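In what follows, a single structure is set out as structure tokens and then discussed.
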Amino acid sequence: MSVRATESNTTRVSLVILAVIATGAALYWLRGILTPLALAVFLAVMVDGFARVIRMRLPWVSERAALPLAIVLSVLLFGISTFVIAENATTFVGQLVAYTPRLNGLIAQVAGLLDIPVPPTVNDLFTQLNPGAYLADVAKGLQGFATDAFFILIYLGFIVASRRGFQRKVMGLFPHSAERHEAIQAFRRIRDGVERYLWVQTVTGLIIAVSSWIAMMVIGLDNAVFWAFLIFMASYIPVIGGAVGILAPPIFALIQFSTFWPAIILLAVLQAIQFVVGNIILPRMQGDSLNMDPVVVLLSLAFWGVIWGMAGMFLSTPLTVMAMVILAQFDGTRWLAVLLSADGEPEKLRDHKPTGSPDAKPATERRTSASRKREPKV
């Protein structure tokens with residue numbers, strides 16, 4: 001009996017591994033279609049959570065007006081952020097030209113440390129790199145970004161429009177009330193996990209960005225607002241975002257200032273900010289809501305980055321949270337959720353009581369009445 005059980009477990013594990021490999025290959029081959037769709041779903045969850053927050057914080061806003069208001073506010077925030085980044089980026093590029101003598105001095109110092117007899121200048125490096133040869137690739141990348149943004153908006157519009165039919169689809173997929181209730185609970189756990197991640201990353205990103213902006217203003221670094229925006233946006237990418245926020249401003253402080261001390265001080269301050277937020281504030285805010293192993297976070301970043309590029313790196317943690325919640329629901333896949341979890345207790349996700357939306361009670365009543373009509377009488 002034990003031999004059969006062992007063979008059954010081995011077969012099950014082998015099938016799961018093959019399914020993971022096949023799924024990864026399909027995600028890679030279909031990345032052109034799935035990446036905009038995944039980003040649209042991510043934005044839809046974000047906008048839906050924003051709408052529910054508006055509904056709870058502003059009771060005078062009706063349910064019908066909450067979602068359009070959330071969409072309008074999200075578009076405005078995105079537009080303002082894009083304008084600020086573009087405006088400061090233009091100033092930043094113009095200042096780089098003025099820093100050319102300083103760059104030549106730094107290159108000469110590095111060349112002296114490396115025993116290079118004739119140090120190259122910035123113009124020599126530009127000539128050797130030949131940036132004009134890469135302009136076609138840059139233009140192609142910008143065109144691809146514009147195309148993806150267009151499809152993301154289209155997907156987002158259809159997802160928001162089909163939101164009201166979700167309940168009827170769930171009733172059609174799960175005709176029995178017990179199965180339907182379990183499916184809705186699992187969906188809400190996924191939604192709450194993603195929204196919790198978004199909330200935590202947004203708050204901690206703001207803390208890091210504002211603290212870094214204050215430090216850069218005290219040091220006197222140019223374009224502090226531009227760097228603060230970049231630090232905030234990079235905070236949504238695990239590991240790499242923190243490295244960018246720590247290293248990029250001090251590197252340009254080397255270019256701006258005549259001594260190394262401002263860059264060294266700025267590097268130490270930014271490192272301290274990242275350490276305090278990452279090791280004290282972030283764990284307290286997350287609690288057991290994510291319960292993800294740090295190694296899994298790093299591996300998921302690499303996995304989704306290889307499959308979907310920058311979009312996959314941005315979505316790596318939400319996608320892994322989604323996978324953990326789904327795997328924790330079933331006994332057959334619980335062992336995978338154990339491997340992904342931080343403490344080996346994925347039941348925290350399965351037993352986590354999801355938070356309902358402001359209209360949860362009316363929706364429950366509608367589902368109950370509808371299920372009574374659909375279920376056969378005994």
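In the structure tokens, the first chain shown is A, the next is B, and so on; residue numbers restart at 1 for each chain, and ligands run from 1 in the order shown.
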
Surrounding residues of range 62-73 of chain A excluding itself and chain neighbours under 2 positions, 7 Å, only C-alpha atoms, as a PyMOL selection string:
chain A and resi 47-48+50-51+54-55+60+75-77

Store the residues picked out above, limited to N, CA, C and O atoms, as a PDB file, in the first residue's frame.
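So part.pdb came out as:
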ATOM      1  N   VAL A  47      -7.726  49.829  -9.707  1.00  0.00           N
ATOM      2  CA  VAL A  47      -8.807  50.806  -9.820  1.00  0.00           C
ATOM      3  C   VAL A  47     -10.015  50.369  -8.995  1.00  0.00           C
ATOM      4  O   VAL A  47     -10.670  51.195  -8.330  1.00  0.00           O
ATOM      5  N   ASP A  48     -10.323  49.060  -9.000  1.00  0.00           N
ATOM      6  CA  ASP A  48     -11.450  48.560  -8.213  1.00  0.00           C
ATOM      7  C   ASP A  48     -11.216  48.779  -6.723  1.00  0.00           C
ATOM      8  O   ASP A  48     -12.121  49.190  -5.992  1.00  0.00           O
ATOM      9  N   PHE A  50      -9.290  51.094  -5.448  1.00  0.00           N
ATOM     10  CA  PHE A  50      -9.376  52.541  -5.257  1.00  0.00           C
ATOM     11  C   PHE A  50     -10.832  52.977  -5.155  1.00  0.00           C
ATOM     12  O   PHE A  50     -11.188  53.824  -4.321  1.00  0.00           O
ATOM     13  N   ALA A  51     -11.688  52.383  -5.984  1.00  0.00           N
ATOM     14  CA  ALA A  51     -13.114  52.729  -5.953  1.00  0.00           C
ATOM     15  C   ALA A  51     -13.753  52.330  -4.627  1.00  0.00           C
ATOM     16  O   ALA A  51     -14.577  53.074  -4.065  1.00  0.00           O
ATOM     17  N   ILE A  54     -12.701  54.795  -1.995  1.00  0.00           N
ATOM     18  CA  ILE A  54     -13.488  56.026  -2.128  1.00  0.00           C
ATOM     19  C   ILE A  54     -14.887  55.834  -1.569  1.00  0.00           C
ATOM     20  O   ILE A  54     -15.427  56.708  -0.878  1.00  0.00           O
ATOM     21  N   ARG A  55     -15.479  54.686  -1.840  1.00  0.00           N
ATOM     22  CA  ARG A  55     -16.841  54.409  -1.368  1.00  0.00           C
ATOM     23  C   ARG A  55     -16.902  54.346   0.152  1.00  0.00           C
ATOM     24  O   ARG A  55     -17.874  54.818   0.762  1.00  0.00           O
ATOM     25  N   TRP A  60     -20.906  59.699   0.774  1.00  0.00           N
ATOM     26  CA  TRP A  60     -21.838  60.436  -0.078  1.00  0.00           C
ATOM     27  C   TRP A  60     -21.635  60.143  -1.561  1.00  0.00           C
ATOM     28  O   TRP A  60     -22.473  60.506  -2.393  1.00  0.00           O
ATOM     29  N   VAL A  75      -6.111  58.300 -13.793  1.00  0.00           N
ATOM     30  CA  VAL A  75      -5.564  58.885 -15.018  1.00  0.00           C
ATOM     31  C   VAL A  75      -4.887  60.222 -14.728  1.00  0.00           C
ATOM     32  O   VAL A  75      -3.815  60.524 -15.267  1.00  0.00           O
ATOM     33  N   LEU A  76      -5.499  61.027 -13.858  1.00  0.00           N
ATOM     34  CA  LEU A  76      -4.902  62.314 -13.507  1.00  0.00           C
ATOM     35  C   LEU A  76      -3.565  62.129 -12.800  1.00  0.00           C
ATOM     36  O   LEU A  76      -2.584  62.828 -13.103  1.00  0.00           O
ATOM     37  N   LEU A  77      -3.511  61.203 -11.842  1.00  0.00           N
ATOM     38  CA  LEU A  77      -2.256  60.956 -11.133  1.00  0.00           C
ATOM     39  C   LEU A  77      -1.164  60.459 -12.087  1.00  0.00           C
ATOM     40  O   LEU A  77      -0.014  60.885 -12.007  1.00  0.00           O
TER      41      LEU A  77
END

Residues near range 306-310 of chain A, anyone? I mean within 7 Å using only C-alpha atoms, not counting same-chain ones fewer than 5 positions away, as a PyMOL selection string.
chain A and resi 27-28+31+35

Given the selection you just returned, output its residues as a file containing C-alpha atoms, formatted as a CSV table (one decimal), in the first residue's frame.
chain,number,residue,atom,x,y,z
A,27,LEU,CA,3.6,32.2,-21.1
A,28,TYR,CA,6.8,33.0,-23.0
A,31,ARG,CA,3.9,37.1,-24.0
A,35,THR,CA,1.6,40.9,-21.0

Taking into account only C-alpha atoms, which residue in the set A:Leu270, A:Ala253, A:Ile152, A:Ala302 is nearest to Ala209 in chain A?
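Among the listed residues, A:Leu270 lies closest to Ala209 in chain A.
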
Would you please work out which residue, of A:Ile207, A:Val321, A:Ala86, A:Val244, is nearest to Val276 in chain A when using only C-alpha atoms?
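Of A:Ile207, A:Val321, A:Ala86, A:Val244, the one nearest Val276 in chain A, counting only C-alpha atoms, is A:Ile207.
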
Neighbouring residues of Val160 in chain A were defined as those with any atom within 9 Å, considering only C-alpha atoms; residues of the same chain fewer than 3 positions away were excluded. Please report them as a list of chain:residue names.
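Once the nearby chain positions are removed, what remains is A:Ala44, A:Asp48, A:Leu67, A:Tyr155, A:Leu156, A:Gly157, A:Arg163, A:Arg164.
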
Since we have the selection now, will you write its residues out, keeping all heavy atoms, as a CSV table (one decimal), in the first residue's frame?
chain,number,residue,atom,x,y,z
A,44,ALA,N,-6.9,47.0,-13.4
A,44,ALA,CA,-8.4,46.8,-13.0
A,44,ALA,C,-8.5,46.5,-11.5
A,44,ALA,O,-9.4,47.1,-10.8
A,44,ALA,CB,-9.0,45.7,-13.8
A,48,ASP,N,-10.3,49.1,-9.0
A,48,ASP,CA,-11.4,48.6,-8.2
A,48,ASP,C,-11.2,48.8,-6.7
A,48,ASP,O,-12.1,49.2,-6.0
A,48,ASP,CB,-11.7,47.1,-8.5
A,48,ASP,CG,-12.9,46.5,-7.8
A,48,ASP,OD1,-14.0,46.9,-8.1
A,48,ASP,OD2,-12.7,45.7,-6.8
A,67,LEU,N,-16.6,54.1,-9.2
A,67,LEU,CA,-15.6,53.5,-10.2
A,67,LEU,C,-15.2,54.6,-11.2
A,67,LEU,O,-14.0,54.7,-11.5
A,67,LEU,CB,-16.2,52.3,-10.9
A,67,LEU,CG,-15.3,51.6,-11.8
A,67,LEU,CD1,-14.1,51.0,-11.1
A,67,LEU,CD2,-16.1,50.4,-12.5
A,155,TYR,N,-7.9,46.6,-23.2
A,155,TYR,CA,-8.3,45.5,-22.3
A,155,TYR,C,-8.9,46.0,-21.0
A,155,TYR,O,-9.8,45.4,-20.5
A,155,TYR,CB,-7.0,44.7,-21.9
A,155,TYR,CG,-6.5,43.8,-23.0
A,155,TYR,CD1,-5.1,43.8,-23.4
A,155,TYR,CD2,-7.4,43.0,-23.7
A,155,TYR,CE1,-4.7,42.9,-24.4
A,155,TYR,CE2,-6.9,42.2,-24.7
A,155,TYR,CZ,-5.6,42.1,-25.0
A,155,TYR,OH,-5.2,41.3,-26.0
A,156,LEU,N,-8.3,47.1,-20.4
A,156,LEU,CA,-8.9,47.7,-19.2
A,156,LEU,C,-10.3,48.1,-19.3
A,156,LEU,O,-11.1,47.9,-18.5
A,156,LEU,CB,-8.0,48.8,-18.7
A,156,LEU,CG,-8.4,49.5,-17.4
A,156,LEU,CD1,-8.4,48.6,-16.3
A,156,LEU,CD2,-7.5,50.7,-17.1
A,157,GLY,N,-10.6,48.7,-20.5
A,157,GLY,CA,-12.0,49.2,-20.7
A,157,GLY,C,-12.9,48.0,-20.8
A,157,GLY,O,-14.0,48.0,-20.2
A,163,ARG,N,-17.3,43.8,-15.7
A,163,ARG,CA,-17.3,43.6,-14.3
A,163,ARG,C,-18.6,43.2,-13.7
A,163,ARG,O,-18.7,42.3,-12.8
A,163,ARG,CB,-16.8,44.9,-13.6
A,163,ARG,CG,-16.7,44.9,-12.1
A,163,ARG,CD,-16.0,46.1,-11.7
A,163,ARG,NE,-16.0,46.3,-10.2
A,163,ARG,CZ,-16.9,47.0,-9.6
A,163,ARG,NH1,-17.9,47.6,-10.2
A,163,ARG,NH2,-16.9,47.0,-8.3
A,164,ARG,N,-19.7,43.7,-14.2
A,164,ARG,CA,-21.0,43.4,-13.7
A,164,ARG,C,-21.5,42.0,-14.0
A,164,ARG,O,-22.3,41.5,-13.3
A,164,ARG,CB,-22.0,44.5,-14.2
A,164,ARG,CG,-21.8,45.9,-13.7
A,164,ARG,CD,-22.9,46.8,-14.1
A,164,ARG,NE,-22.6,48.2,-13.7
A,164,ARG,CZ,-22.9,48.6,-12.4
A,164,ARG,NH1,-23.5,47.8,-11.6
A,164,ARG,NH2,-22.7,49.8,-12.1

To one decimal place in Å, what is the distance between CA of Val277 in chain A and CA of Phe232 in chain A?
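Interatomic distance here is 13.0 Å.
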
Please compute the CA of Trp199 in chain A-CA of Asp148 in chain A distance, one decimal, in Å.
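Separation between CA of Trp199 in chain A and CA of Asp148 in chain A: 25.0 Å.
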
Find the spatial neighbours of Ala272 in chain A, counting only C-alpha atoms, within a cut-off of 12 Å - ignore same-chain residues fewer than 5 positions away - and output them as a list in words.
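My list of contacting residues is Ile208, Ser211, Ser212, Ala215, Gly242, Gly245, Ile246, Ile265, Leu266, Leu267, Val277, Gly278, Asn279 and Ile280 of chain A.
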
How many Å lie between CA of Leu315 in chain A and CA of Asp331 in chain A, rounded to one decimal?
26.4 Å

Between A:Ala108, A:Ala98, A:Ile255, A:Val296, which one has atoms that come closest to Leu339 in chain A, using only C-alpha atoms?
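Answer, going by the shortest atom-to-atom distance: A:Val296.
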
Counting only C-alpha atoms, which residue out of A:Arg284, A:Gln256, A:Phe229, A:Ala268 sits closest to Ile80 in chain A?
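The shortest atom-to-atom distance to Ile80 in chain A comes from A:Phe229.
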
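Nearest residue to Val41 in chain A, choosing from A:Leu153, A:Leu18, A:Leu247, A:Ala234 and counting only C-alpha atoms: A:Leu153.
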
Return the single residue from A:Ser81, A:Thr100, A:Gln329, A:Ser316 that is closest to Pro238 in chain A, with distances computed using only C-alpha atoms.
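Among the listed residues, A:Ser316 lies closest to Pro238 in chain A.
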
Show me, as a CSV table (one decimal) with N, CA, C and O atoms, in the first residue's frame, the residues that have an atom within 12 Å of Val20 in chain A when counting only C-alpha atoms, minus same-chain residues fewer than 5 positions from it.
chain,number,residue,atom,x,y,z
A,13,VAL,N,3.8,14.6,-8.4
A,13,VAL,CA,4.8,15.7,-8.5
A,13,VAL,C,5.4,15.8,-9.9
A,13,VAL,O,5.6,16.9,-10.4
A,14,SER,N,5.6,14.7,-10.6
A,14,SER,CA,6.1,14.8,-12.0
A,14,SER,C,5.1,15.5,-12.9
A,14,SER,O,5.6,16.3,-13.7
A,15,LEU,N,3.8,15.3,-12.7
A,15,LEU,CA,2.9,15.9,-13.5
A,15,LEU,C,2.8,17.4,-13.2
A,15,LEU,O,2.7,18.3,-14.2
A,25,ALA,N,6.5,27.8,-20.8
A,25,ALA,CA,6.7,27.9,-22.2
A,25,ALA,C,5.6,28.6,-22.9
A,25,ALA,O,5.8,29.5,-23.8
A,26,ALA,N,4.4,28.3,-22.5
A,26,ALA,CA,3.2,29.0,-23.1
A,26,ALA,C,3.2,30.5,-22.8
A,26,ALA,O,2.9,31.3,-23.6
A,27,LEU,N,3.5,30.8,-21.5
A,27,LEU,CA,3.6,32.2,-21.1
A,27,LEU,C,4.6,33.0,-21.9
A,27,LEU,O,4.5,34.1,-22.3
A,303,PHE,N,12.3,34.8,-12.8
A,303,PHE,CA,11.5,34.0,-13.7
A,303,PHE,C,10.6,34.9,-14.5
A,303,PHE,O,10.6,34.7,-15.8
A,323,ALA,N,-0.5,33.0,-7.2
A,323,ALA,CA,-0.3,31.6,-7.3
A,323,ALA,C,-0.3,30.9,-5.9
A,323,ALA,O,-0.8,29.8,-5.7
A,336,LEU,N,3.2,22.8,-2.8
A,336,LEU,CA,3.8,23.9,-3.5
A,336,LEU,C,3.7,25.3,-2.8
A,336,LEU,O,4.6,26.1,-2.8

Write out as a count of residues only each polymer residue whose atoms come within 10 Å of Met285 in chain A, counting only C-alpha atoms; drop sequence neighbours fewer than 6 positions from it.
7

Output as a ChimeraX atom specification all residues of range 49-122 of chain A that backbone DSSP marks as alpha helix (DSSP H).
/A:49-57,63-98,100-113,122
